[in-house]
file coords.txt (compact mmCIF, C-alpha atoms)
# COMPACT_ATOMS: atom_id res chain seq x y z
CA GLU G 1 196.27 51.42 -63.80
CA ALA G 2 195.62 49.30 -60.71
CA GLY G 3 195.76 52.34 -58.43
CA HIS G 4 199.19 51.76 -56.94
CA ALA G 5 201.38 54.69 -55.98
CA LEU G 6 204.87 54.69 -57.45
CA GLY G 7 207.96 56.24 -55.96
CA ASN G 8 211.60 56.70 -56.81
CA HIS G 9 214.20 54.77 -54.82
CA THR G 10 217.24 55.58 -57.05
CA TRP G 11 218.99 53.50 -59.65
CA ASN G 12 221.89 52.05 -57.63
CA HIS G 13 220.80 52.32 -53.99
CA HIS G 14 223.76 54.41 -52.72
CA TYR G 15 224.24 54.81 -48.98
CA HIS G 16 227.47 56.82 -49.15
CA ASN G 17 227.79 60.51 -50.00
CA VAL G 18 227.39 61.30 -53.68
CA PRO G 19 227.97 64.54 -55.59
CA ARG G 20 224.91 66.42 -56.87
CA GLU G 21 225.55 65.19 -60.43
CA VAL G 22 225.44 61.56 -59.30
CA ALA G 23 222.32 62.19 -57.21
CA ALA G 24 220.64 63.81 -60.22
CA LYS G 25 221.56 60.89 -62.49
CA GLU G 26 220.37 58.31 -59.93
CA ILE G 27 216.99 59.96 -59.51
CA GLU G 28 216.41 61.22 -63.05
CA ASP G 29 217.40 57.94 -64.76
CA THR G 30 215.01 56.11 -62.45
CA ASN G 31 212.27 58.63 -63.19
CA ALA G 32 212.81 58.23 -66.90
CA LEU G 33 212.40 54.46 -66.66
CA ILE G 34 209.31 54.74 -64.45
CA TYR G 35 207.78 57.10 -66.99
CA GLU G 36 208.82 54.96 -69.98
CA VAL G 37 207.23 51.85 -68.48
CA THR G 38 204.14 53.39 -66.86
CA GLY G 39 203.53 56.81 -68.39
CA PHE G 40 203.49 58.10 -64.80
CA LYS G 41 205.68 60.79 -63.22
CA THR G 42 206.21 60.19 -59.54
CA GLU G 43 206.31 62.83 -56.81
CA TRP G 44 207.59 60.41 -54.15
CA PHE G 45 211.10 59.52 -53.09
CA ARG G 46 212.32 57.03 -50.51
CA PRO G 47 216.03 57.32 -49.79
CA PRO G 48 217.94 54.03 -49.76
CA GLY G 49 218.40 52.85 -46.20
CA GLY G 50 216.59 55.95 -45.00
CA VAL G 51 219.86 57.88 -45.33
CA LEU G 52 218.97 61.57 -45.45
CA THR G 53 222.47 63.08 -45.54
CA ASN G 54 224.22 61.61 -48.58
CA GLY G 55 223.07 64.02 -51.30
CA LEU G 56 220.19 61.97 -52.70
CA ASN G 57 217.59 63.35 -50.32
CA GLY G 58 218.86 66.89 -50.86
CA TYR G 59 218.54 66.53 -54.61
CA ALA G 60 215.05 65.02 -54.24
CA HIS G 61 213.99 67.97 -52.08
CA SER G 62 215.42 70.44 -54.61
CA GLN G 63 213.20 68.83 -57.26
CA ASN G 64 210.10 69.03 -55.01
CA TYR G 65 209.78 65.34 -54.26
CA ALA G 66 207.93 64.34 -51.13
CA VAL G 67 210.28 62.14 -49.11
CA ALA G 68 208.54 59.10 -47.66
CA MET G 69 210.06 57.16 -44.79
CA TRP G 70 208.63 54.30 -42.72
CA SER G 71 207.53 53.74 -39.16
CA SER G 72 207.96 49.98 -39.00
CA ASP G 73 210.91 48.11 -40.50
CA ALA G 74 210.31 44.39 -40.96
CA ARG G 75 214.11 43.95 -40.90
CA GLU G 76 213.98 40.94 -43.19
CA SER G 77 217.74 40.48 -43.09
CA SER G 78 217.52 39.88 -39.32
CA PHE G 79 214.82 37.21 -39.50
CA SER G 80 215.00 34.03 -41.55
CA SER G 81 211.54 32.69 -40.71
CA SER G 82 208.18 34.03 -41.81
CA GLY G 83 206.86 33.67 -38.23
CA ALA G 84 209.53 35.98 -36.87
CA LEU G 85 208.76 38.53 -39.61
CA VAL G 86 205.05 38.37 -38.81
CA ASN G 87 205.72 38.92 -35.09
CA ASN G 88 208.11 41.79 -35.78
CA VAL G 89 205.70 43.63 -38.07
CA LEU G 90 202.65 43.07 -35.87
CA SER G 91 204.49 44.28 -32.78
CA THR G 92 205.62 47.51 -34.44
CA ALA G 93 202.62 48.40 -36.64
CA LYS G 94 200.63 51.44 -35.60
CA PRO G 95 197.75 53.51 -37.00
CA GLY G 96 198.92 55.78 -39.80
CA GLY G 97 202.16 53.85 -40.07
CA ILE G 98 204.17 52.65 -43.04
CA VAL G 99 205.68 49.15 -42.95
CA LEU G 100 208.94 48.68 -44.82
CA LEU G 101 209.19 45.34 -46.65
CA HIS G 102 211.36 44.39 -49.62
CA ASP G 103 210.76 42.37 -52.77
CA GLY G 104 214.40 42.17 -53.79
CA GLY G 105 217.94 42.29 -52.48
CA GLY G 106 218.27 38.68 -51.46
CA ASN G 107 216.13 35.68 -50.65
CA ARG G 108 212.68 37.05 -49.82
CA SER G 109 210.84 33.74 -49.46
CA ALA G 110 210.16 34.44 -45.76
CA THR G 111 208.68 37.82 -46.72
CA VAL G 112 206.51 36.23 -49.40
CA GLN G 113 205.23 33.68 -46.88
CA ALA G 114 204.73 36.27 -44.12
CA LEU G 115 202.92 38.92 -46.14
CA PRO G 116 199.50 37.24 -46.45
CA ILE G 117 199.54 36.50 -42.72
CA ILE G 118 200.56 40.08 -41.87
CA ILE G 119 197.81 41.49 -44.09
CA ALA G 120 195.14 39.19 -42.67
CA GLN G 121 196.09 39.84 -39.06
CA LEU G 122 196.32 43.61 -39.49
CA LYS G 123 192.92 43.65 -41.22
CA GLN G 124 191.53 41.57 -38.35
CA GLN G 125 192.83 44.26 -35.98
CA GLY G 126 190.92 46.89 -37.98
CA TYR G 127 193.72 48.25 -40.14
CA LYS G 128 192.98 49.43 -43.67
CA PHE G 129 195.61 49.41 -46.41
CA VAL G 130 195.94 52.59 -48.46
CA THR G 131 198.42 54.17 -50.83
CA LEU G 132 200.78 56.86 -49.60
CA PRO G 133 198.72 59.68 -51.20
CA GLU G 134 195.60 58.27 -49.54
CA LEU G 135 197.40 58.05 -46.20
CA LEU G 136 198.46 61.70 -46.40
CA GLU G 137 194.92 62.73 -47.35
CA LEU G 138 193.56 60.84 -44.32
CA TYR G 139 196.17 62.55 -42.15
CA GLU G 140 195.11 65.99 -43.41
CA GLN G 141 191.44 65.17 -42.76
CA HIS G 142 192.30 64.02 -39.23
CA LYS G 143 194.35 67.16 -38.62
CA GLN G 144 191.50 69.41 -39.80
CA ALA G 145 188.97 67.53 -37.67
CA THR G 146 191.24 67.81 -34.62
CA LEU G 147 191.64 71.56 -35.19
CA ALA G 148 187.87 71.97 -35.53
CA GLU G 149 187.31 70.06 -32.27
CA SER G 150 189.86 72.15 -30.39
CA ASN G 151 188.33 75.41 -31.69
CA PRO G 152 184.56 74.84 -32.12
CA ASN G 153 183.80 78.60 -32.31
CA PRO G 154 186.32 80.07 -34.74
CA THR G 155 186.49 83.82 -35.12
CA PRO G 156 184.45 84.85 -38.18
CA VAL G 157 186.50 86.27 -41.03
CA PRO G 158 185.29 89.75 -42.08
CA ASP G 159 183.86 90.09 -45.58
CA GLY G 160 186.46 90.74 -48.25
CA ILE G 161 189.25 88.88 -46.49
CA ASP G 162 190.30 85.60 -48.05
call {"tool": "encode", "arguments": {"input": "coords.txt", "output": "structure tokens"}}
result
Amino acid sequence: EAGHALGNHTWNHHYHNVPREVAAKEIEDTNALIYEVTGFKTEWFRPPGGVLTNGLNGYAHSQNYAVAMWSSDARESSFSSSGALVNNVLSTAKPGGIVLLHDGGGNRSATVQALPIIIAQLKQQGYKFVTLPELLELYEQHKQATLAESNPNPTPVPDGID
């Protein structure tokens, strides 16, 4: 209702290889809960740890999920201070990027303290925060504009050809 995009990240966060039946259960049980709580069916999947070869990603692809990765990892487990997290994210952020941060899996007090600073500083640098579907739409618009610039006089399509 607030406009957030929801994605599936599995039930148990497996990194190791899993059989197709386990992958299906991990993803489908999570989907069922997302739908039960929100009434929303997600099209997005982010594999735990970014592991693409353990069966989860393959199952997600077979079910037509769009797999979303990240371009900047805050690496919260490597930094215990909010200042270090801020510096890490700001030094790796880039236009069109996705920053990976966590809200669980341990003490996230440094993340909670760093996030308002990260947001403020990135906004000050001209960044805009969008959902993943919005980001992909912006990417498609940019791609179309770039194609139009590189070919300003496209060959006309004859009548009757779609």
call {"tool": "closest_residue", "arguments": {"input": "coords.txt", "among": "G:Lys41, G:Ser81, G:Leu147, G:Ala93", "to": "Gly126 in chain G", "atoms": "only C-alpha atoms"}}
result
G:Ala93
call {"tool": "residues_around", "arguments": {"input": "coords.txt", "residues": "Met69 in chain G", "least_positions_apart": "4", "cutoff": "10 Å", "atoms": "only C-alpha atoms", "output": "list in words"}}
result
Phe45, Arg46, Pro47, Pro48, Gly49, Gly50, Val51, Leu52, Gly97, Ile98, Val99 and Leu100 of chain G
call {"tool": "axis_aligned_box", "arguments": {"input": "coords.txt", "around": "range 39-47 of chain G", "padding_each_side": "3 Å", "output": "JSON"}}
result
{"center_x": 209.8, "center_y": 59.8, "center_z": -59.1, "size_x": 18.5, "size_y": 12.0, "size_z": 24.6}
call {"tool": "atom_distance", "arguments": {"input": "coords.txt", "atom1": "CA of Thr42 in chain G", "atom2": "CA of Ala66 in chain G"}}
result
9.5 Å
call {"tool": "closest_residue", "arguments": {"input": "coords.txt", "among": "G:Glu28, G:Thr53, G:Phe79, G:Leu101", "to": "Trp11 in chain G", "atoms": "only C-alpha atoms"}}
result
G:Glu28
call {"tool": "atom_distance", "arguments": {"input": "coords.txt", "atom1": "CA of Val89 in chain G", "atom2": "CA of Ile118 in chain G"}}
result
7.3 Å
call {"tool": "atom_distance", "arguments": {"input": "coords.txt", "atom1": "CA of Tyr15 in chain G", "atom2": "CA of Thr38 in chain G"}}
result
26.9 Å
call {"tool": "residues_around", "arguments": {"input": "coords.txt", "residues": "Glu43 in chain G", "least_positions_apart": "5", "cutoff": "9 Å", "atoms": "all atoms listed in the file", "output": "list of chain:residue names"}}
result
G:Leu6, G:Gly7, G:Asn8, G:Asn64, G:Tyr65, G:Ala66, G:Val67
call {"tool": "closest_residue", "arguments": {"input": "coords.txt", "among": "G:Val18, G:Ala5, G:Leu132, G:Ile117", "to": "Ile34 in chain G", "atoms": "only C-alpha atoms"}}
result
G:Ala5
call {"tool": "closest_residue", "arguments": {"input": "coords.txt", "among": "G:Ser71, G:Thr10, G:Thr146, G:Gln124", "to": "Trp44 in chain G", "atoms": "only C-alpha atoms"}}
result
G:Thr10
call {"tool": "closest_residue", "arguments": {"input": "coords.txt", "among": "G:Ala120, G:Tyr35, G:Ser82, G:Thr92", "to": "Arg108 in chain G", "atoms": "only C-alpha atoms"}}
result
G:Ser82
call {"tool": "residues_around", "arguments": {"input": "coords.txt", "residues": "Leu56 in chain G", "least_positions_apart": "2", "cutoff": "7 Å", "atoms": "all atoms listed in the file", "output": "ChimeraX atom specification"}}
result
/G:23,47,54,58-60
call {"tool": "residues_near_point", "arguments": {"input": "coords.txt", "point": "(200.4, 55.1, -48.0)", "cutoff": "10 Å", "atoms": "all atoms listed in the file", "output": "list of chain:residue names"}}
result
G:His4, G:Ala5, G:Ala68, G:Trp70, G:Gly96, G:Gly97, G:Ile98, G:Val99, G:Phe129, G:Val130, G:Thr131, G:Leu132, G:Pro133, G:Glu134, G:Leu135, G:Leu136, G:Glu137, G:Leu138
call {"tool": "closest_residue", "arguments": {"input": "coords.txt", "among": "G:Ser78, G:Leu90, G:Asp103, G:Glu1", "to": "Phe40 in chain G", "atoms": "all atoms listed in the file"}}
result
G:Glu1
call {"tool": "residues_around", "arguments": {"input": "coords.txt", "residues": "Leu85 in chain G", "least_positions_apart": "2", "cutoff": "8 Å", "atoms": "only C-alpha atoms", "output": "list in words"}}
result
Ala74, Arg75, Glu76, Phe79, Ser80, Ser81, Ser82, Gly83, Asn87, Asn88, Val89, Ala110, Thr111 and Ala114 of chain G
call {"tool": "write_last_selection", "arguments": {"input": "coords.txt", "atoms": "C-alpha atoms", "output": "PDB file, in the frame of the given file"}}
result
ATOM      1  CA  ALA G  74     210.310  44.390 -40.960  1.00  0.00           C
ATOM      2  CA  ARG G  75     214.110  43.950 -40.900  1.00  0.00           C
ATOM      3  CA  GLU G  76     213.980  40.940 -43.190  1.00  0.00           C
ATOM      4  CA  PHE G  79     214.820  37.210 -39.500  1.00  0.00           C
ATOM      5  CA  SER G  80     215.000  34.030 -41.550  1.00  0.00           C
ATOM      6  CA  SER G  81     211.540  32.690 -40.710  1.00  0.00           C
ATOM      7  CA  SER G  82     208.180  34.030 -41.810  1.00  0.00           C
ATOM      8  CA  GLY G  83     206.860  33.670 -38.230  1.00  0.00           C
ATOM      9  CA  ASN G  87     205.720  38.920 -35.090  1.00  0.00           C
ATOM     10  CA  ASN G  88     208.110  41.790 -35.780  1.00  0.00           C
ATOM     11  CA  VAL G  89     205.700  43.630 -38.070  1.00  0.00           C
ATOM     12  CA  ALA G 110     210.160  34.440 -45.760  1.00  0.00           C
ATOM     13  CA  THR G 111     208.680  37.820 -46.720  1.00  0.00           C
ATOM     14  CA  ALA G 114     204.730  36.270 -44.120  1.00  0.00           C
TER      15      ALA G 114
END
